[in-house]
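K.L.:
Structure file work14.tsv (TSV, C-alpha atoms and all ligand atoms) right here:
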chain	number	residue	atom	x	y	z
A	1	MET	CA	0.00	0.00	0.00
A	2	PRO	CA	1.40	3.39	-0.91
A	3	GLU	CA	2.76	5.14	2.17
A	4	LEU	CA	4.24	8.62	2.60
A	5	PRO	CA	7.34	8.09	0.39
A	6	ASP	CA	5.33	6.49	-2.43
A	7	VAL	CA	2.73	9.26	-2.39
A	8	GLU	CA	5.47	11.91	-2.32
A	9	VAL	CA	7.01	10.29	-5.41
A	10	PHE	CA	3.57	10.36	-7.14
A	11	ARG	CA	3.27	14.04	-6.23
A	12	GLN	CA	6.68	14.86	-7.69
A	13	TYR	CA	5.75	12.87	-10.79
A	14	MET	CA	2.58	14.88	-11.26
A	15	ASN	CA	4.55	18.11	-10.80
A	16	GLN	CA	7.04	17.06	-13.46
A	17	THR	CA	4.42	15.97	-15.99
A	18	SER	CA	0.97	17.43	-15.56
A	19	LEU	CA	0.95	20.99	-14.21
A	20	HIS	CA	-0.20	24.07	-16.16
A	21	LYS	CA	-1.60	22.09	-19.09
A	22	ASN	CA	-5.14	22.51	-20.39
A	23	ILE	CA	-7.36	19.53	-19.71
A	24	ILE	CA	-9.51	19.03	-22.80
A	25	LYS	CA	-11.32	15.89	-21.71
A	26	VAL	CA	-11.73	13.60	-18.71
A	27	GLN	CA	-12.57	9.91	-19.01
A	28	VAL	CA	-14.03	7.97	-16.12
A	29	ASP	CA	-13.61	4.25	-16.81
A	30	HIS	CA	-14.98	3.25	-13.46
A	31	SER	CA	-16.97	5.48	-11.15
A	32	ARG	CA	-16.34	3.52	-7.95
A	33	VAL	CA	-13.22	5.51	-7.09
A	34	LEU	CA	-15.07	8.83	-7.48
A	35	GLN	CA	-16.41	10.15	-4.17
A	36	ASP	CA	-19.56	12.28	-3.83
A	37	ILE	CA	-19.81	13.19	-7.50
A	38	THR	CA	-21.18	11.57	-10.65
A	39	PRO	CA	-18.83	10.91	-13.57
A	40	SER	CA	-20.65	13.43	-15.76
A	41	ALA	CA	-20.49	16.17	-13.12
A	42	PHE	CA	-16.80	15.42	-12.55
A	43	LYS	CA	-16.02	15.61	-16.28
A	44	LYS	CA	-17.89	18.88	-16.59
A	45	ARG	CA	-16.13	20.38	-13.57
A	46	MET	CA	-12.67	19.47	-14.90
A	47	LYS	CA	-12.97	20.30	-18.59
A	48	GLY	CA	-10.88	23.28	-19.66
A	49	ARG	CA	-9.14	23.42	-16.29
A	50	ARG	CA	-5.50	23.06	-15.28
A	51	PHE	CA	-3.68	21.50	-12.38
A	52	GLU	CA	-1.69	24.37	-10.89
A	53	LYS	CA	0.10	22.95	-7.84
A	54	THR	CA	0.14	19.96	-5.52
A	55	ARG	CA	0.52	19.17	-1.87
A	56	ARG	CA	0.68	16.04	0.21
A	57	HIS	CA	-0.38	15.20	3.73
A	58	GLY	CA	0.53	11.75	4.96
A	59	LYS	CA	-0.81	9.26	2.42
A	60	HIS	CA	-3.16	11.80	0.76
A	61	MET	CA	-2.23	13.87	-2.24
A	62	PHE	CA	-4.01	17.00	-3.44
A	63	ALA	CA	-3.88	18.83	-6.77
A	64	CYS	CA	-5.10	22.43	-6.92
A	65	VAL	CA	-7.30	23.16	-9.94
A	66	ASP	CA	-7.22	26.74	-11.28
A	67	ASP	CA	-6.75	28.03	-7.72
A	68	GLU	CA	-10.46	27.32	-7.23
A	69	PHE	CA	-10.71	23.87	-5.73
A	70	TRP	CA	-8.65	20.73	-5.10
A	71	ILE	CA	-8.77	17.11	-6.13
A	72	MET	CA	-7.81	14.66	-3.43
A	73	PHE	CA	-6.11	11.47	-4.62
A	74	HIS	CA	-5.80	8.46	-2.34
A	75	PHE	CA	-4.04	5.45	-3.81
A	76	GLY	CA	-5.64	2.58	-1.87
A	77	MET	CA	-3.63	-0.63	-2.00
A	78	THR	CA	-2.13	-0.45	-5.46
A	79	GLY	CA	-2.77	2.96	-7.05
A	80	PHE	CA	-0.39	5.03	-9.17
A	81	PHE	CA	-0.24	7.68	-11.94
A	82	LYS	CA	1.05	7.32	-15.44
A	83	TYR	CA	1.68	10.11	-17.93
A	84	PHE	CA	1.85	8.86	-21.51
A	85	LYS	CA	1.23	9.72	-25.12
A	86	ARG	CA	0.06	6.69	-27.07
A	87	ASP	CA	-3.02	4.59	-26.34
A	88	GLN	CA	-1.11	1.33	-26.07
A	89	GLU	CA	0.75	2.73	-23.06
A	90	LYS	CA	-2.46	3.17	-21.09
A	91	PRO	CA	-2.21	1.20	-17.82
A	92	SER	CA	-4.60	-1.77	-17.69
A	93	HIS	CA	-6.52	-0.66	-14.60
A	94	THR	CA	-7.00	2.99	-15.51
A	95	ARG	CA	-10.05	4.34	-13.65
A	96	ILE	CA	-9.79	8.03	-14.47
A	97	MET	CA	-7.86	9.70	-17.27
A	98	PHE	CA	-7.13	13.36	-17.91
A	99	ASP	CA	-6.45	14.25	-21.56
A	100	PHE	CA	-4.25	17.31	-22.09
A	101	GLU	CA	-4.15	19.69	-25.01
A	102	ASN	CA	-0.59	18.56	-25.86
A	103	GLY	CA	-1.81	15.04	-26.73
A	104	TYR	CA	-0.61	13.44	-23.50
A	105	HIS	CA	-2.75	11.73	-20.87
A	106	LEU	CA	-2.51	11.31	-17.12
A	107	ALA	CA	-4.03	8.02	-15.96
A	108	TYR	CA	-4.98	7.23	-12.38
A	109	ASP	CA	-4.70	3.44	-12.07
A	110	SER	CA	-6.28	1.58	-9.17
A	111	GLN	CA	-6.41	-2.15	-9.79
A	112	ARG	CA	-8.45	-3.12	-6.74
A	113	MET	CA	-10.49	0.09	-6.84
A	114	LEU	CA	-9.70	0.86	-3.23
A	115	GLY	CA	-8.32	4.26	-4.20
A	116	LYS	CA	-10.38	7.41	-3.93
A	117	VAL	CA	-10.66	10.60	-5.98
A	118	GLN	CA	-12.67	13.45	-4.56
A	119	ILE	CA	-13.20	17.16	-5.24
A	120	VAL	CA	-12.68	19.24	-2.09
A	121	ASP	CA	-12.88	22.99	-1.53
A	122	HIS	CA	-9.68	23.22	0.49
A	123	ALA	CA	-7.06	20.58	1.16
A	124	GLY	CA	-6.61	21.97	4.68
A	125	ASP	CA	-10.30	21.48	5.54
A	126	PHE	CA	-10.19	17.90	4.31
A	127	ILE	CA	-7.20	17.15	6.56
A	128	LEU	CA	-9.00	18.68	9.57
A	129	GLU	CA	-12.30	16.95	8.89
A	130	ARG	CA	-10.57	13.60	8.54
A	131	GLY	CA	-8.85	14.17	11.86
A	132	LEU	CA	-5.45	13.39	10.36
A	133	GLY	CA	-2.44	13.92	12.59
A	134	GLN	CA	0.57	16.00	11.56
A	135	ASP	CA	2.48	14.80	8.54
A	136	ALA	CA	5.30	12.47	9.59
A	137	LEU	CA	7.89	14.67	7.84
A	138	ASP	CA	6.55	17.92	9.33
A	139	ILE	CA	6.16	16.96	12.96
A	140	SER	CA	8.81	18.43	15.28
A	141	GLY	CA	10.73	16.37	17.82
A	142	ASN	CA	8.83	18.04	20.67
A	143	SER	CA	5.38	17.43	19.20
A	144	PHE	CA	6.33	13.84	18.48
A	145	GLN	CA	7.44	13.39	22.07
A	146	ASN	CA	4.19	14.92	23.37
A	147	LYS	CA	2.03	12.74	21.15
A	148	PHE	CA	3.77	9.53	22.09
A	149	GLN	CA	4.45	9.98	25.77
A	150	GLY	CA	2.05	8.09	28.00
A	151	ARG	CA	0.21	6.34	25.18
A	152	ARG	CA	-1.13	2.85	25.70
A	153	GLY	CA	-0.35	-0.10	23.47
A	154	ALA	CA	2.44	-1.19	21.15
A	155	VAL	CA	4.78	1.32	19.54
A	156	LYS	CA	4.06	0.00	16.04
A	157	THR	CA	0.33	0.63	16.53
A	158	SER	CA	0.99	4.25	17.50
A	159	LEU	CA	3.35	4.82	14.56
A	160	MET	CA	0.62	3.62	12.19
A	161	ASN	CA	-2.20	5.58	13.83
A	162	GLN	CA	-3.10	8.19	11.19
A	163	SER	CA	-4.88	10.46	13.65
A	164	LEU	CA	-1.67	10.66	15.69
A	165	LEU	CA	0.77	10.89	12.82
A	166	ALA	CA	-0.06	10.83	9.10
A	167	GLY	CA	1.90	8.89	6.51
A	168	VAL	CA	3.50	5.84	8.12
A	169	GLY	CA	1.94	2.44	7.34
A	170	ASN	CA	2.73	-1.22	7.85
A	171	ILE	CA	5.92	-1.44	5.80
A	172	TYR	CA	7.68	1.77	6.80
A	173	SER	CA	6.81	1.37	10.49
A	174	ASP	CA	8.81	-1.89	10.46
A	175	GLU	CA	11.77	-0.12	8.86
A	176	ILE	CA	11.66	2.79	11.31
A	177	LEU	CA	11.55	0.38	14.29
A	178	PHE	CA	14.36	-1.72	12.85
A	179	GLN	CA	16.55	1.36	12.40
A	180	SER	CA	15.64	2.52	15.93
A	181	ARG	CA	16.36	-0.96	17.41
A	182	ILE	CA	12.95	-1.04	19.05
A	183	HIS	CA	10.72	-4.14	19.16
A	184	PRO	CA	7.42	-3.56	17.28
A	185	LYS	CA	5.44	-4.80	20.30
A	186	GLU	CA	7.33	-2.65	22.80
A	187	LYS	CA	4.87	-0.70	24.95
A	188	VAL	CA	5.09	3.02	24.25
A	189	LYS	CA	4.95	3.58	28.01
A	190	LYS	CA	8.16	1.64	28.45
A	191	LEU	CA	10.14	3.76	26.00
A	192	GLU	CA	12.80	6.02	27.45
A	193	GLU	CA	12.78	9.67	26.39
A	194	SER	CA	15.96	9.03	24.42
A	195	GLN	CA	14.28	6.17	22.54
A	196	ILE	CA	11.38	8.40	21.49
A	197	LYS	CA	13.95	10.92	20.24
A	198	THR	CA	15.68	8.18	18.27
A	199	LEU	CA	12.35	7.03	16.85
A	200	HIS	CA	11.59	10.54	15.57
A	201	ARG	CA	15.08	10.96	14.11
A	202	LYS	CA	15.05	7.56	12.40
A	203	MET	CA	11.52	8.10	11.09
A	204	ARG	CA	12.65	11.25	9.28
A	205	ALA	CA	15.83	9.61	8.02
A	206	VAL	CA	14.02	6.52	6.67
A	207	LEU	CA	11.25	8.50	4.95
A	208	LYS	CA	13.69	10.98	3.40
A	209	LYS	CA	16.00	8.25	2.15
A	210	ALA	CA	13.06	6.35	0.65
A	211	ILE	CA	11.88	9.48	-1.19
A	212	GLU	CA	15.41	10.14	-2.44
A	213	LYS	CA	15.44	6.58	-3.83
A	214	LYS	CA	12.04	7.11	-5.49
A	215	ALA	CA	10.46	4.61	-3.05
A	216	ASP	CA	12.10	1.77	-4.97
A	217	PRO	CA	13.20	-0.95	-2.50
A	218	GLY	CA	15.74	-2.24	-5.04
A	219	GLU	CA	17.63	1.04	-4.57
A	220	PHE	CA	17.46	1.18	-0.77
A	221	PRO	CA	20.68	1.18	1.30
A	222	ASP	CA	22.17	-2.18	2.34
A	223	ASN	CA	21.22	-1.64	5.98
A	224	PHE	CA	17.47	-1.39	5.21
A	225	LEU	CA	15.10	-4.18	6.21
A	226	ILE	CA	12.43	-3.52	3.54
A	227	PRO	CA	14.18	-5.39	0.68
A	228	PHE	CA	14.32	-8.47	2.97
A	229	ARG	CA	10.61	-8.50	3.81
A	230	GLU	CA	8.69	-11.54	2.61
A	231	LYS	CA	11.93	-13.36	1.78
A	232	ILE	CA	12.59	-13.63	5.53
A	233	GLU	CA	16.31	-13.64	4.98
A	234	SER	CA	18.95	-12.73	7.48
A	235	CYS	CA	19.19	-9.44	9.32
A	236	PRO	CA	21.31	-6.94	7.34
A	237	ARG	CA	22.86	-5.80	10.64
A	238	CYS	CA	23.66	-8.92	12.69
A	239	GLY	CA	23.06	-11.78	10.24
A	240	GLY	CA	20.44	-13.32	12.56
A	241	LYS	CA	17.11	-14.59	11.33
A	242	ILE	CA	14.32	-12.09	10.63
A	243	ASN	CA	11.12	-13.02	12.46
A	244	LYS	CA	7.55	-12.54	11.30
A	245	ILE	CA	4.81	-11.85	13.80
A	246	LYS	CA	1.40	-10.17	13.81
A	247	VAL	CA	0.86	-6.80	15.42
A	248	ASN	CA	-2.81	-5.78	15.28
A	249	SER	CA	-3.25	-8.48	12.63
A	250	ARG	CA	-0.65	-6.87	10.35
A	251	GLY	CA	2.33	-8.94	9.17
A	252	THR	CA	5.36	-7.50	10.96
A	253	TYR	CA	9.06	-8.19	10.33
A	254	PHE	CA	11.83	-7.56	12.83
A	255	CYS	CA	15.14	-8.91	14.16
A	256	PRO	CA	14.75	-10.31	17.70
A	257	LYS	CA	18.48	-9.88	18.33
A	258	CYS	CA	18.70	-6.22	17.28
A	259	GLN	CA	15.24	-5.30	18.57
A	260	PRO	CA	14.83	-7.00	21.96
A	261	LEU	CA	11.76	-6.36	24.10
A	262	SER	CA	12.59	-4.50	27.31
A	263	GLU	CA	12.35	-6.47	30.55
A	301	ZN	ZN	19.76	-8.17	13.72
Transcribe the structure of this file into structure tokens.

P.N.:
Amino acid sequence: MPELPDVEVFRQYMNQTSLHKNIIKVQVDHSRVLQDITPSAFKKRMKGRRFEKTRRHGKHMFACVDDEFWIMFHFGMTGFFKYFKRDQEKPSHTRIMFDFENGYHLAYDSQRMLGKVQIVDHAGDFILERGLGQDALDISGNSFQNKFQGRRGAVKTSLMNQSLLAGVGNIYSDEILFQSRIHPKEKVKKLEESQIKTLHRKMRAVLKKAIEKKADPGEFPDNFLIPFREKIESCPRCGGKINKIKVNSRGTYFCPKCQPLSE
């Protein structure tokens, strides 16, 4: 599922390909991803418009249309964008497609149709109404400390809680905990102040590195756990065996040697 780094890469992709171009037509191949608007109303609203700028908050991306309103894109489990010229390049699960005056198209692909596309007046209002926490790359060390201190439950659960902190999901929370040498099931209450500081620092470092590498695990540094997920190979740090457990029913990978539970 696309998490903060993936969505940031989609945002940069849209910036590089699709801004300031006249939209001459919009095709809706499947209306299920469209929220609160009919395909015909959506097409009418978008025709002759331009995407002018973008922003991202956690796993949500927004594109500003003519400085009048925004489109929110959520990528569900498998979503992505593709900008292309010829019809044969159209991705197979295109749900919505914007046709530009220059002959190019921007497709929003969502194979399992769990993604969402919605017109909103202001991106900021949407973020407030959804009760999303601060973006994981914006939150300061102090705010992070305040949010985490005294919380109940496992640290992984808090990292993934979008109303506490927006952007970190199942995969990146494992990486952040691995880099911080903290067990995914460690109780937040048991964390030392210095460990919470480490967690914040490593969270930023992991997310930034992933964005720099275009969220492509094949390009990640040798000390990252993500490329070893699923394969359950050895720990890139100590050579020990990577374990798989469930935390809140989510498949979780960690190294028991490098990430021991506190007593
Ligand atoms: Zn290890």

K.L.:
Using all atoms listed in the file, which of A:Leu132, A:Met61, A:Met1, A:Ile119 sits nearest Met14 (chain A)?

P.N.:
A:Met61

K.L.:
What lies within 12 Å of Pro5 (chain A) using all atoms listed in the file, ignoring chain neighbours under 3 positions off, as a PyMOL selection string?

P.N.:
chain A and resi 1-2+8-12+56-61+135-137+166-169+171-172+203-217

K.L.:
Please, which residues have at least one atom within 9 Å of an atom of ligand ZN 301 (chain A), using only C-alpha atoms and all ligand atoms, listed as a PyMOL selection string?

P.N.:
chain A and resi 178+181+234-242+254-259

K.L.:
Rounded to one decimal place, report the CA of Arg50 (chain A)-CA of Val120 (chain A) distance in Å.

P.N.:
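According to the coordinates, CA of Arg50 (chain A) and CA of Val120 (chain A) are separated by 15.5 Å.
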
K.L.:
Can you tell me, as number ranges by chain, what residues are no more than 6 Å from Ala107 (chain A) when counting only C-alpha atoms, ignoring any on the same chain fewer than 2 positions away?

P.N.:
A: 81-82, 94, 96-97

K.L.:
Show me, as a list in words, the residues that have an atom within 8 Å of Gln145 (chain A) when counting all atoms listed in the file, minus same-chain residues fewer than 2 positions from it.

P.N.:
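My reading of the contact set: Gly141, Asn142, Ser143, Lys147, Phe148, Gln149, Glu193, Ile196 and Lys197 of chain A.
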
K.L.:
Can those selected residues be exported to a file as an mmCIF file, in the frame of the given file so that it contains C-alpha atoms?

P.N.:
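Contents of again_20.cif, freshly written:
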data_model
loop_
_atom_site.group_PDB
_atom_site.id
_atom_site.type_symbol
_atom_site.label_atom_id
_atom_site.label_comp_id
_atom_site.auth_asym_id
_atom_site.auth_seq_id
_atom_site.Cartn_x
_atom_site.Cartn_y
_atom_site.Cartn_z
ATOM 1 C CA GLY A 141 10.730 16.370 17.820
ATOM 2 C CA ASN A 142 8.830 18.040 20.670
ATOM 3 C CA SER A 143 5.380 17.430 19.200
ATOM 4 C CA LYS A 147 2.030 12.740 21.150
ATOM 5 C CA PHE A 148 3.770 9.530 22.090
ATOM 6 C CA GLN A 149 4.450 9.980 25.770
ATOM 7 C CA GLU A 193 12.780 9.670 26.390
ATOM 8 C CA ILE A 196 11.380 8.400 21.490
ATOM 9 C CA LYS A 197 13.950 10.920 20.240
#

K.L.:
Grab the CA of Phe220 (chain A) to CA of Ser173 (chain A) distance for me, in Å with one decimal place.

P.N.:
15.5 Å

K.L.:
Counting only C-alpha atoms, which residue out of A:Met72, A:Glu186, A:Asp66, A:Phe224 sits closest to Gly124 (chain A)?

P.N.:
A:Met72

K.L.:
Which residues are near Ser158 (chain A)? Cut-off 9 Å, only C-alpha atoms, ignore same chain within fewer than 6 positions. Put them as a count of residues only.

P.N.:
6

K.L.:
Rank nothing, just name the residue among A:Ile182, A:Ile37, A:Ile176, A:Ile127 nearest to Ser163 (chain A), using all atoms listed in the file.

P.N.:
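Closest residue, counting all atoms listed in the file: A:Ile127.
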
K.L.:
Using all atoms listed in the file, determine which residues lie at most 9 Å from Asn15 (chain A), disregarding the query and same-chain residues fewer than 6 positions distant; provide the list as a compact mmCIF listing (two decimals) with C-alpha atoms, in the coordinates of the input.

P.N.:
# COMPACT_ATOMS: atom_id res chain seq x y z
CA GLU A 52 -1.69 24.37 -10.89
CA LYS A 53 0.10 22.95 -7.84
CA THR A 54 0.14 19.96 -5.52

K.L.:
Just give me the gap between CA of His105 (chain A) and CA of Ser40 (chain A) in Å, one decimal is fine.

P.N.:
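Separation between CA of His105 (chain A) and CA of Ser40 (chain A): 18.7 Å.
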
K.L.:
Using all atoms listed in the file for the distances, tell me which of A:Pro227, A:Gly115, A:Pro221, A:Gly131 is nearest to Leu34 (chain A).

P.N.:
A:Gly115
